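I have placed the structure first, in the form of structure tokens, so that the comments after it can refer back to it.
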Protein chains: 2
Amino acid sequence: MSLLTVGSVAFDKLETPFGKTDKIVGGAATFITLTASYFTKNNYLVGIVGEDFPQEMVETFQKHGVDTEGLVIDPNGKTFFWHGKYHEDMNNRDTLDTQLGVFENWTPVIPEKYQDTQFLMLGNMVPEIQYQTLKKLRNRPKFVMLDTMNLWMDIMLDDLKKVIGEIDCLTINDAEARQLSGDYSLKRAAKTIMAMGPKTLIIKKGEHGALLFQGDRIFFCPALPLEEVFDPTGAGDTFAGGFIGYLAKTDDLSFENMKRAIIYGSAMASFCVEKFGTERMQYLSETEINNRVMEFVQLASFEIND
Amino acid sequence: MSLLTVGSVAFDKLETPFGKTDKIVGGAATFITLTASYFTKNNYLVGIVGEDFPQEMVETFQKHGVDTEGLVIDPNGKTFFWHGKYHEDMNNRDTLDTQLGVFENWTPVIPEKYQDTQFLMLGNMVPEIQYQTLKKLRNRPKFVMLDTMNLWMDIMLDDLKKVIGEIDCLTINDAEARQLSGDYSLKRAAKTIMAMGPKTLIIKKGEHGALLFQGDRIFFCPALPLEEVFDPTGAGDTFAGGFIGYLAKTDDLSFENMKRAIIYGSAMASFCVEKFGTERMQYLSETEINNRVMEFVQLASFEIND
């Protein structure tokens, strides 16, 4: 099945306890589409970059089978830039600089051949842009997934609720789920959020795994205990890309298959954090992915025999 | 198989966002032995209480098949008392009062008929007392498990390391694992701690589940997402009691069986937090326990089919 990913394609400058980078390519849509490319063949990318964006990265997308017709290169501006520094525990980070560049006044344009997409991933960005993107598709995709963040809950809550009311699956972290629902209990928070629209909700808990909710059903997806988290940037996007990529590949929206999809998403996220930026996501083999998924099976499987 | 539990039998006075209690019976050994009684028949209890301890609770132990010959009632002192208040998120608590009473100068005495115990659970208390208790057994039990806390890492680290060097299984929470190992990565922390002695390590993560480590093997046990955590007091002890009780019942120390044991421990802990103190742990049915375990199976099971 085809998957359209819409979101930021950006430069990141990163500082972690393990080192620093210069400007490297990042952005939600970058991580999502690269990751999904390991699962589904028809990958469409809608985003915008400036004149400073490296042609090699466009070629990297293409090598991964990502159609880049929807990636606008604006010769009159700069690519969205984020400079962040992670704390020792890697769970918190400070934003040192943000320059929106061409991303600031962007209105996504959907190429004609993307109009038939069956799966749509709306990466984290201004909720109104997410909404407009969805409305620009002539046929509503069979599965629409959206990622967002606490910032939009703080300053654009009504817009966020409007788009959340139109989607099939929302992915947020545990603190965001608590903020959006006003409830500390994640089980009750999930009910409140699903009542806003999405039938499926994924609550990401970082090193503690993720919870998949749908109606009264819950699945607890573990996270692989890692010796080292080198750079957490993009982990959530990689997770989302693995999840929706697997769904698009299998074209099966049953809860049982979503469980598998979330395991694949977690496996992909566990690769992402091993190196800076998208480095690890550019050269994965099918064997590596399958072996990593088997580690999750080992980690989580048990049998009650009495 | 027989299980000897050694530790505090106490009074707790609790304040949670949901209410307050007067003095109610608590203590690590209380929660552990009551919980284990649902699994194994030969339960021995070694502890000390004062003249103020209610006879009805002694009878409650006995009704659960717990042998109370080892529970000393000191007519000249008061039972260990703890007064605590939980914060809104239930993950943090303040100690408002602690009165050690007869627990202060206690030296455990092991009744003759407890000497043949095959399983030993050393509840959280002064490490030197845990060590002496172990040394008082003529035959080393086949499985010795120990619970401890950050306080002893702060003030009695050498004593703690001495007893940890003698046991088979240690259970601590994630913050304590990081403190004891000096390593933020739980995977590396586990290696460091297992090198101190115990072949098996359980790292408890509260609402995020628990990790079971043994050699290179890791099992991630989920926690049941709950609508309400009414009172977390005793959850860790209940978890330990369910774990070692199940091991004692099945007399199977394989890693596969320990996975089952940790699921049973988690199931028992999920009951414990539903009511104040030991209330929920006094009247459980086998059906309730089995149904709760099936919820864990539902929550955690998935199948990778490609």
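Residues in the structure tokens are named by chain (A, B, ... in the order shown) and by number from 1 within that chain; ligands are numbered from 1 in the order shown.
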
TODO: Write out as a PyMOL selection string each polymer residue whose atoms come within 12 Å of Asn257 of chain B, counting only C-alpha atoms; drop sequence neighbours fewer than 3 positions from it.
DONE: (chain A and resi 301-306) or (chain B and resi 212+219+243-244+246-254+260-264)

Open item on the list: Counting only C-alpha atoms, a student should be able to say which residues of chain A come within 8 Å of chain B; what is the right answer, written as an NGL selection string?
Closed with: :A and (89 or 184-188 or 208 or 218-222 or 225-228 or 256 or 259-260 or 297-304)

For C-alpha atoms, I'd like the residues from the last selection saved as a compact mmCIF listing (two decimals), in the first residue's frame.
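File produced: part07.txt:
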# COMPACT_ATOMS: atom_id res chain seq x y z
CA ASP A 89 19.61 11.19 31.55
CA TYR A 184 -3.02 11.11 35.58
CA SER A 185 -4.21 7.54 35.03
CA LEU A 186 -3.13 6.55 31.52
CA LYS A 187 -5.98 4.06 31.28
CA ARG A 188 -8.57 6.77 31.93
CA HIS A 208 9.48 2.10 29.42
CA ILE A 218 -4.69 -2.63 25.62
CA PHE A 219 -1.33 -3.93 24.48
CA PHE A 220 1.85 -3.19 26.39
CA CYS A 221 4.85 -3.04 24.06
CA PRO A 222 8.20 -3.30 25.86
CA PRO A 225 16.85 -2.26 27.52
CA LEU A 226 19.87 -0.66 25.86
CA GLU A 227 23.41 -0.32 27.13
CA GLU A 228 23.68 3.08 25.53
CA GLU A 256 -3.43 -8.27 16.40
CA LYS A 259 0.53 -5.26 18.00
CA ARG A 260 3.06 -6.56 15.50
CA VAL A 297 9.99 -11.67 21.20
CA GLN A 298 12.61 -13.05 23.62
CA LEU A 299 12.16 -10.08 25.90
CA ALA A 300 8.40 -10.19 26.18
CA SER A 301 7.23 -13.75 25.69
CA PHE A 302 6.14 -16.00 28.51
CA GLU A 303 3.77 -18.89 28.90
CA ILE A 304 1.28 -19.46 31.68

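Contact shell of Ile167 of chain B at 8 Å (only C-alpha atoms; same-chain neighbours under 6 positions omitted): B:Phe143, B:Val144, B:Met145, B:Leu146, B:Gly197, B:Pro198.
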
Open item on the list: Could you list, as a ChimeraX atom specification, every residue within 12 Å of segment 17-20 of chain B, counting only C-alpha atoms and ignoring same-chain residues fewer than 4 positions away?
Closed with: /B:12-13,24,83-93,228-232,273-277

Next, write the just-selected residues to a file, as a tab-separated table (two decimals), in the first residue's frame, keeping C-alpha atoms as the atom set.
chain	number	residue	atom	x	y	z
B	12	ASP	CA	1.20	2.04	58.98
B	13	LYS	CA	-0.74	5.25	59.06
B	24	ILE	CA	-3.43	-0.33	60.16
B	83	HIS	CA	3.29	7.37	59.03
B	84	GLY	CA	3.49	8.34	55.39
B	85	LYS	CA	1.82	10.66	52.94
B	86	TYR	CA	1.71	10.08	49.20
B	87	HIS	CA	1.90	12.90	46.67
B	88	GLU	CA	-0.69	13.38	43.93
B	89	ASP	CA	1.21	11.22	41.44
B	90	MET	CA	1.56	8.36	44.00
B	91	ASN	CA	5.17	7.87	42.95
B	92	ASN	CA	6.58	9.97	45.74
B	93	ARG	CA	5.87	9.97	49.43
B	228	GLU	CA	-6.88	4.06	40.01
B	229	VAL	CA	-3.95	3.41	42.30
B	230	PHE	CA	-5.64	3.77	45.65
B	231	ASP	CA	-2.68	3.05	47.95
B	232	PRO	CA	0.73	1.88	46.68
B	273	VAL	CA	-2.91	-1.11	45.31
B	274	GLU	CA	-6.71	-1.30	44.94
B	275	LYS	CA	-7.33	-0.82	48.67
B	276	PHE	CA	-5.59	0.48	51.77
B	277	GLY	CA	-2.90	-1.67	53.35

- [ ] Skip Gly245 of chain A itself and residues of its chain fewer than 4 positions away, then list as a PyMOL selection string all residues within 8 Å of it, counting only C-alpha atoms.
- [x] chain A and resi 3+35-40+241+249

Open item on the list: Using only C-alpha atoms for the distances, tell me which of A:Ile172, A:Met268, A:Leu120, A:Ile48 is nearest to Gln282 of chain A.
Closed with: A:Met268

TODO: Compare B:Ile129, B:Leu201, B:Val66, B:Ile193 by their minimum atom-to-atom distance to Ser8 of chain B, counting only C-alpha atoms, and give me the closest one.
DONE: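 Closest to Ser8 of chain B, using only C-alpha atoms: B:Ile129.
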
Contact residues around segment 70-78 of chain B with only C-alpha atoms at 8 Å, ignoring same-chain residues under 2 positions, as a PDB file with all heavy atoms, in the first residue's frame:
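Written file, out-v2.pdb:
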ATOM      1  N   TYR B  44       6.469 -19.810  56.771  1.00  0.00           N
ATOM      2  CA  TYR B  44       6.998 -19.488  58.092  1.00  0.00           C
ATOM      3  C   TYR B  44       7.254 -17.993  58.156  1.00  0.00           C
ATOM      4  O   TYR B  44       7.769 -17.401  57.206  1.00  0.00           O
ATOM      5  CB  TYR B  44       8.334 -20.209  58.344  1.00  0.00           C
ATOM      6  CG  TYR B  44       8.293 -21.700  58.130  1.00  0.00           C
ATOM      7  CD1 TYR B  44       9.364 -22.349  57.522  1.00  0.00           C
ATOM      8  CD2 TYR B  44       7.210 -22.466  58.564  1.00  0.00           C
ATOM      9  CE1 TYR B  44       9.362 -23.726  57.338  1.00  0.00           C
ATOM     10  CE2 TYR B  44       7.191 -23.853  58.377  1.00  0.00           C
ATOM     11  CZ  TYR B  44       8.270 -24.473  57.759  1.00  0.00           C
ATOM     12  OH  TYR B  44       8.269 -25.812  57.568  1.00  0.00           O
ATOM     13  N   LEU B  45       6.949 -17.406  59.292  1.00  0.00           N
ATOM     14  CA  LEU B  45       7.123 -15.961  59.459  1.00  0.00           C
ATOM     15  C   LEU B  45       8.007 -15.664  60.656  1.00  0.00           C
ATOM     16  O   LEU B  45       7.719 -16.142  61.770  1.00  0.00           O
ATOM     17  CB  LEU B  45       5.745 -15.306  59.666  1.00  0.00           C
ATOM     18  CG  LEU B  45       5.729 -13.826  60.045  1.00  0.00           C
ATOM     19  CD1 LEU B  45       6.374 -12.960  58.961  1.00  0.00           C
ATOM     20  CD2 LEU B  45       4.285 -13.364  60.301  1.00  0.00           C
ATOM     21  N   VAL B  46       9.078 -14.930  60.452  1.00  0.00           N
ATOM     22  CA  VAL B  46       9.918 -14.469  61.560  1.00  0.00           C
ATOM     23  C   VAL B  46       9.877 -12.945  61.589  1.00  0.00           C
ATOM     24  O   VAL B  46      10.217 -12.282  60.601  1.00  0.00           O
ATOM     25  CB  VAL B  46      11.368 -14.987  61.431  1.00  0.00           C
ATOM     26  CG1 VAL B  46      12.310 -14.201  62.340  1.00  0.00           C
ATOM     27  CG2 VAL B  46      11.439 -16.468  61.801  1.00  0.00           C
ATOM     28  N   GLY B  47       9.419 -12.425  62.734  1.00  0.00           N
ATOM     29  CA  GLY B  47       9.329 -10.979  62.908  1.00  0.00           C
ATOM     30  C   GLY B  47       9.094 -10.660  64.369  1.00  0.00           C
ATOM     31  O   GLY B  47       9.063 -11.570  65.219  1.00  0.00           O
ATOM     32  N   ILE B  48       8.936  -9.391  64.643  1.00  0.00           N
ATOM     33  CA  ILE B  48       8.678  -8.996  66.040  1.00  0.00           C
ATOM     34  C   ILE B  48       7.636  -7.874  66.061  1.00  0.00           C
ATOM     35  O   ILE B  48       7.648  -6.992  65.207  1.00  0.00           O
ATOM     36  CB  ILE B  48       9.981  -8.556  66.757  1.00  0.00           C
ATOM     37  CG1 ILE B  48       9.710  -8.375  68.263  1.00  0.00           C
ATOM     38  CG2 ILE B  48      10.549  -7.266  66.147  1.00  0.00           C
ATOM     39  CD1 ILE B  48      10.984  -8.281  69.103  1.00  0.00           C
ATOM     40  N   VAL B  49       6.731  -7.977  67.026  1.00  0.00           N
ATOM     41  CA  VAL B  49       5.742  -6.919  67.240  1.00  0.00           C
ATOM     42  C   VAL B  49       5.679  -6.603  68.735  1.00  0.00           C
ATOM     43  O   VAL B  49       6.249  -7.327  69.556  1.00  0.00           O
ATOM     44  CB  VAL B  49       4.335  -7.333  66.732  1.00  0.00           C
ATOM     45  CG1 VAL B  49       4.327  -7.468  65.213  1.00  0.00           C
ATOM     46  CG2 VAL B  49       3.874  -8.625  67.398  1.00  0.00           C
ATOM     47  N   GLY B  50       4.977  -5.540  69.082  1.00  0.00           N
ATOM     48  CA  GLY B  50       4.858  -5.139  70.490  1.00  0.00           C
ATOM     49  C   GLY B  50       3.531  -5.580  71.086  1.00  0.00           C
ATOM     50  O   GLY B  50       2.722  -6.262  70.438  1.00  0.00           O
ATOM     51  N   GLU B  51       3.321  -5.137  72.310  1.00  0.00           N
ATOM     52  CA  GLU B  51       2.108  -5.540  73.045  1.00  0.00           C
ATOM     53  C   GLU B  51       0.845  -4.977  72.402  1.00  0.00           C
ATOM     54  O   GLU B  51      -0.256  -5.463  72.636  1.00  0.00           O
ATOM     55  CB  GLU B  51       2.205  -5.118  74.519  1.00  0.00           C
ATOM     56  CG  GLU B  51       2.647  -3.667  74.772  1.00  0.00           C
ATOM     57  CD  GLU B  51       1.584  -2.597  74.541  1.00  0.00           C
ATOM     58  OE1 GLU B  51       0.377  -2.927  74.637  1.00  0.00           O
ATOM     59  OE2 GLU B  51       1.961  -1.448  74.237  1.00  0.00           O
ATOM     60  N   ASP B  52       1.027  -3.945  71.572  1.00  0.00           N
ATOM     61  CA  ASP B  52      -0.125  -3.280  70.954  1.00  0.00           C
ATOM     62  C   ASP B  52      -0.613  -3.973  69.678  1.00  0.00           C
ATOM     63  O   ASP B  52      -1.560  -3.503  69.039  1.00  0.00           O
ATOM     64  CB  ASP B  52       0.234  -1.818  70.635  1.00  0.00           C
ATOM     65  CG  ASP B  52       1.521  -1.700  69.815  1.00  0.00           C
ATOM     66  OD1 ASP B  52       2.242  -2.710  69.660  1.00  0.00           O
ATOM     67  OD2 ASP B  52       1.823  -0.589  69.327  1.00  0.00           O
ATOM     68  N   PHE B  53       0.049  -5.060  69.283  1.00  0.00           N
ATOM     69  CA  PHE B  53      -0.314  -5.691  68.008  1.00  0.00           C
ATOM     70  C   PHE B  53      -1.596  -6.500  68.160  1.00  0.00           C
ATOM     71  O   PHE B  53      -1.747  -7.264  69.111  1.00  0.00           O
ATOM     72  CB  PHE B  53       0.824  -6.600  67.524  1.00  0.00           C
ATOM     73  CG  PHE B  53       0.703  -7.002  66.075  1.00  0.00           C
ATOM     74  CD1 PHE B  53       0.980  -6.090  65.066  1.00  0.00           C
ATOM     75  CD2 PHE B  53       0.292  -8.279  65.719  1.00  0.00           C
ATOM     76  CE1 PHE B  53       0.871  -6.452  63.725  1.00  0.00           C
ATOM     77  CE2 PHE B  53       0.169  -8.645  64.389  1.00  0.00           C
ATOM     78  CZ  PHE B  53       0.468  -7.733  63.390  1.00  0.00           C
ATOM     79  N   ASP B  67       2.642 -20.039  59.576  1.00  0.00           N
ATOM     80  CA  ASP B  67       3.090 -20.453  60.905  1.00  0.00           C
ATOM     81  C   ASP B  67       3.639 -19.229  61.628  1.00  0.00           C
ATOM     82  O   ASP B  67       4.534 -18.549  61.116  1.00  0.00           O
ATOM     83  CB  ASP B  67       4.169 -21.525  60.768  1.00  0.00           C
ATOM     84  CG  ASP B  67       4.553 -22.120  62.106  1.00  0.00           C
ATOM     85  OD1 ASP B  67       5.023 -21.363  62.992  1.00  0.00           O
ATOM     86  OD2 ASP B  67       4.381 -23.338  62.269  1.00  0.00           O
ATOM     87  N   THR B  68       3.105 -18.921  62.801  1.00  0.00           N
ATOM     88  CA  THR B  68       3.489 -17.685  63.503  1.00  0.00           C
ATOM     89  C   THR B  68       4.370 -17.947  64.732  1.00  0.00           C
ATOM     90  O   THR B  68       4.576 -17.047  65.539  1.00  0.00           O
ATOM     91  CB  THR B  68       2.237 -16.891  63.936  1.00  0.00           C
ATOM     92  OG1 THR B  68       1.433 -17.730  64.765  1.00  0.00           O
ATOM     93  CG2 THR B  68       1.448 -16.407  62.730  1.00  0.00           C
ATOM     94  N   PHE B  80       6.622  -1.514  65.491  1.00  0.00           N
ATOM     95  CA  PHE B  80       7.185  -0.572  64.505  1.00  0.00           C
ATOM     96  C   PHE B  80       6.034   0.188  63.825  1.00  0.00           C
ATOM     97  O   PHE B  80       5.063  -0.403  63.381  1.00  0.00           O
ATOM     98  CB  PHE B  80       8.000  -1.391  63.498  1.00  0.00           C
ATOM     99  CG  PHE B  80       8.596  -0.625  62.353  1.00  0.00           C
ATOM    100  CD1 PHE B  80       8.869   0.731  62.415  1.00  0.00           C
ATOM    101  CD2 PHE B  80       8.938  -1.307  61.169  1.00  0.00           C
ATOM    102  CE1 PHE B  80       9.441   1.412  61.330  1.00  0.00           C
ATOM    103  CE2 PHE B  80       9.510  -0.639  60.095  1.00  0.00           C
ATOM    104  CZ  PHE B  80       9.754   0.718  60.174  1.00  0.00           C
ATOM    105  N   GLY B 101      10.303   1.201  67.667  1.00  0.00           N
ATOM    106  CA  GLY B 101       9.746   0.345  68.724  1.00  0.00           C
ATOM    107  C   GLY B 101      10.593  -0.908  68.910  1.00  0.00           C
ATOM    108  O   GLY B 101      11.830  -0.847  68.882  1.00  0.00           O
ATOM    109  N   VAL B 102       9.927  -2.047  69.048  1.00  0.00           N
ATOM    110  CA  VAL B 102      10.627  -3.312  69.312  1.00  0.00           C
ATOM    111  C   VAL B 102      11.503  -3.763  68.140  1.00  0.00           C
ATOM    112  O   VAL B 102      12.350  -4.638  68.291  1.00  0.00           O
ATOM    113  CB  VAL B 102       9.607  -4.443  69.635  1.00  0.00           C
ATOM    114  CG1 VAL B 102       8.879  -4.137  70.948  1.00  0.00           C
ATOM    115  CG2 VAL B 102       8.619  -4.619  68.492  1.00  0.00           C
ATOM    116  N   VAL B 109      15.212 -14.675  65.679  1.00  0.00           N
ATOM    117  CA  VAL B 109      15.457 -16.019  66.190  1.00  0.00           C
ATOM    118  C   VAL B 109      14.676 -16.973  65.278  1.00  0.00           C
ATOM    119  O   VAL B 109      13.505 -16.745  64.997  1.00  0.00           O
ATOM    120  CB  VAL B 109      14.953 -16.143  67.648  1.00  0.00           C
ATOM    121  CG1 VAL B 109      15.130 -17.569  68.153  1.00  0.00           C
ATOM    122  CG2 VAL B 109      15.697 -15.148  68.542  1.00  0.00           C
ATOM    123  N   ILE B 110      15.377 -17.998  64.804  1.00  0.00           N
ATOM    124  CA  ILE B 110      14.753 -18.931  63.868  1.00  0.00           C
ATOM    125  C   ILE B 110      14.269 -20.164  64.626  1.00  0.00           C
ATOM    126  O   ILE B 110      15.092 -20.930  65.154  1.00  0.00           O
ATOM    127  CB  ILE B 110      15.765 -19.387  62.792  1.00  0.00           C
ATOM    128  CG1 ILE B 110      16.546 -18.195  62.211  1.00  0.00           C
ATOM    129  CG2 ILE B 110      15.060 -20.183  61.696  1.00  0.00           C
ATOM    130  CD1 ILE B 110      15.768 -17.260  61.350  1.00  0.00           C
ATOM    131  N   PRO B 111      12.991 -20.407  64.711  1.00  0.00           N
ATOM    132  CA  PRO B 111      12.493 -21.635  65.351  1.00  0.00           C
ATOM    133  C   PRO B 111      13.074 -22.871  64.671  1.00  0.00           C
ATOM    134  O   PRO B 111      13.321 -22.869  63.456  1.00  0.00           O
ATOM    135  CB  PRO B 111      10.976 -21.547  65.154  1.00  0.00           C
ATOM    136  CG  PRO B 111      10.689 -20.085  64.985  1.00  0.00           C
ATOM    137  CD  PRO B 111      11.877 -19.539  64.266  1.00  0.00           C
TER     138      PRO B 111
END

Task: All alpha helix (DSSP H) positions in segment 41-240 of chain A, as a VMD selection string - done: chain A and resid 55 to 63 127 to 136 150 to 155 157 to 164 174 to 181 186 to 194 235 to 240

- [ ] Grab the atom CA of Glu59 of chain B to atom CA of Thr30 of chain B distance for me, in Å with one decimal place.
- [x]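 Here the two named atoms are 12.6 Å from each other.
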
- [ ] Kindly indicate which residue among A:Leu14, A:Leu122, A:Leu4, A:Ala267 lies nearest to Arg292 of chain A, using only C-alpha atoms for the distances.
- [x] A:Ala267
